[in-house]
Amino acid sequence: MRTGRAIATYAVLLAIAATTVIPLVWMVCTSLHAPRAQIPTMSTLFAPDGWHFENYWTVLTYGELPIWRFALNSFIVTAGVVVLQLALCTLAAFGFSRLRWFGRDALFFVFLLTMMIPASVLIVPLFALVQRLGWLDTYWGLIIPYPYLSTAFGTFLLRQFFITLPQSLDDAARIDGCGDLRLLWHVILPSARPALATVAVFAFIWTWTDFYWPLLATSATTMRTLEVGLSVFRDSYGGTQWSLQMAAAVITLTPVLIVFLAMQRFFVRGVVLSGLKE
Amino acid sequence: MKAGGEHNWRGYLFVAPATLYLAVFAFFPMLFAGYMSLHRWHLLKEQPRFVGLGNFVQMFSDPFFRNAIYNTLIYVVCSVPLGVLISLAVAALVAQRLRGVGFFRTLFYVPAVSSQVAISMVVIWILLPETGLINWCWLKLGQGIGMLQAWWAGTSPPQGPQPWLGYDGRMNFLAEPGWAMAALVALSLWIGLGPRMIIFMAGIQSIPETLYEAAAIDGATGWRRFRHVTLPLLAPTTLFVVVTTTIAAFQLFTPVYMMTKGGPRRTTDVVLYHIYKEAWQKFEVGMASAMSYVLFAMILIVAAFQFRVMRRGLGEAAA
């Protein structure tokens, strides 16, 4: 009875796993087929006329649509957003948790309210604002007004962590003559590394995979991020050149999957924290 | 202000950057969208013209916008209950102590962190006529059955892939009304599985073991234990998952943009994609802002409704 149930469980889990593994395997194998080959089926997938590893070099340096440039943009934008969000959220979370001041809880509530605003409402005015600032097709426009990345969410996660740290830490630091900034930098932040990692991983994955905002904020090919560049690439080669399209897709997926696999512990923590806040 | 400690004005300095940021990039745009929604506002032409609630009146008399709302509601009604139920079932499986279960948890999460553009490209292949995964498997199945029948009847086996149950595997799912929407719903179930599963799993694991032991003494096992112990205690988690899934479903965009462009025959033209076309193809940003406010209102109304209904459910479960 017990083993029967375990076998049934594994059968279901394996079936769902197949829905994730098959597309990934297909993507990687297809990316190694000859550029002008027919779209592979499951029977020709593992038997192409030669494995074409040079496809990756081809797409990275592809004439009008060089993937290396999109990748560079994605790295710059993602790094910028992660640093900006960490700085804003850390300072605010410290102010909301370790200091006492008039109006603190009311303002924190206002922060939480911004999590309710759907990004779709903000996009058009943000576009107008960024256009007015002359930030279209610049890294400023891609990094600073990030509508999906809720600053409030990061502040909330960090604050929840900061309030669990004992007050005695602060008292000891104060007696040693630490000011607020030194307290934050030398005492609070070193003990909050897991929480900081959680916020950073979220910022990384959301920014890397975001599509709508970089689609609008850029029109020059040289400023496209990978996610948008990949869609431009597909639109240019529609039903043809599947292997090159998939090589570009693999290049887009790899960094985010590496970050996710390496940091999944922190990621899952964030999902759980946000889901169980009630 | 909570008890203990004195007012420290430096607190304002610490929250000032984030507050300023949210004011400029969240509150101001939200208010400005409201201002724009009251104007006929073309992005490239000069001079917005005040039209009051004209945009709202106009959009509801527009059959294409009503169609987009209809499509969005169909998508929400199909994808949310299915998505929540499937993730709950899978969470119950992966919450068990089984060898290798951590591997499955990680793997199921992968679609959610993957590039939706890349996913859409693979899904386009999966749904292709004849060569796509689904049609190919169907034809191979037909071939296998044909061979069995030939063997049984003693005739020569059929050559190549065979139709089965009268379907020849040539359908282009993304070009068929109904099927295209079904494909988007299926895709949402797959992408959203990981996050919803993890939240449910955390909820299941936070249920104290003693409750299950008590249930076991009362003779409840298996399904009854799940129905009468796990499910009532998961109600707050379920509420959270239902509301966040609904909010996300209302804002479907990338797969539509990549796979169907709203077609075939506007059957997948959902509200956010419609807003996208209004703003960035017609440049009618006043109308687009008005539509995004309507979308916002729809999300708020549905989320509030879910809260009320499920709160009542919570009360009954506790009673």
# chains A, B, ... in the order shown; residues from 1 in each chain; ligands from 1
call {"tool": "interface_residues", "arguments": {"of": "chain A", "to": "chain B", "cutoff": "6 Å", "atoms": "only C-alpha atoms", "output": "list in words"}}
result
Thr41, Leu88, Leu91, Ala92, Gly95, Leu99, Arg100, Trp101, Phe102, Val121, Leu122, Pro125, Pro145, Thr209, Ala249, Val272 and Gly275 of chain A
call {"tool": "select_by_dssp", "arguments": {"residues": "stretch 208-259 of chain A", "states": "helix (DSSP H, G or I)", "output": "PyMOL selection string"}}
result
chain A and resi 208-209+212-217+221-223+226-237+242-259
call {"tool": "closest_residue", "arguments": {"among": "A:Ala8, A:Ala34, A:Val250, A:Met42", "to": "A:Ile67", "atoms": "only C-alpha atoms"}}
result
A:Val250
call {"tool": "atom_distance", "arguments": {"atom1": "atom CA of A:Thr207", "atom2": "atom CA of A:Thr78"}}
result
5.7 Å
call {"tool": "atom_distance", "arguments": {"atom1": "atom CA of B:Leu189", "atom2": "atom CA of B:Ala91"}}
result
13.8 Å
call {"tool": "residues_around", "arguments": {"residues": "A:Ala192", "least_positions_apart": "5", "cutoff": "9 Å", "atoms": "only C-alpha atoms", "output": "VMD selection string"}}
result
chain A and resid 158 161 to 162 165 187 197
call {"tool": "decode", "arguments": {"residues": "stretch 266-277 of chain B", "atoms": "C-alpha atoms", "output": "PDB file, in the first residue's frame"}}
result
ATOM      1  CA  ARG B 266      -9.296  38.556 -31.673  1.00  0.00           C
ATOM      2  CA  THR B 267     -10.058  35.582 -29.419  1.00  0.00           C
ATOM      3  CA  THR B 268      -6.895  36.158 -27.347  1.00  0.00           C
ATOM      4  CA  ASP B 269      -6.959  39.960 -27.450  1.00  0.00           C
ATOM      5  CA  VAL B 270      -6.799  40.491 -23.669  1.00  0.00           C
ATOM      6  CA  VAL B 271      -7.097  43.890 -21.951  1.00  0.00           C
ATOM      7  CA  LEU B 272      -3.407  44.551 -21.351  1.00  0.00           C
ATOM      8  CA  TYR B 273      -2.547  43.654 -24.938  1.00  0.00           C
ATOM      9  CA  HIS B 274      -5.387  45.902 -26.117  1.00  0.00           C
ATOM     10  CA  ILE B 275      -3.972  48.738 -23.972  1.00  0.00           C
ATOM     11  CA  TYR B 276      -0.548  48.077 -25.453  1.00  0.00           C
ATOM     12  CA  LYS B 277      -1.908  48.514 -28.990  1.00  0.00           C
TER      13      LYS B 277
END
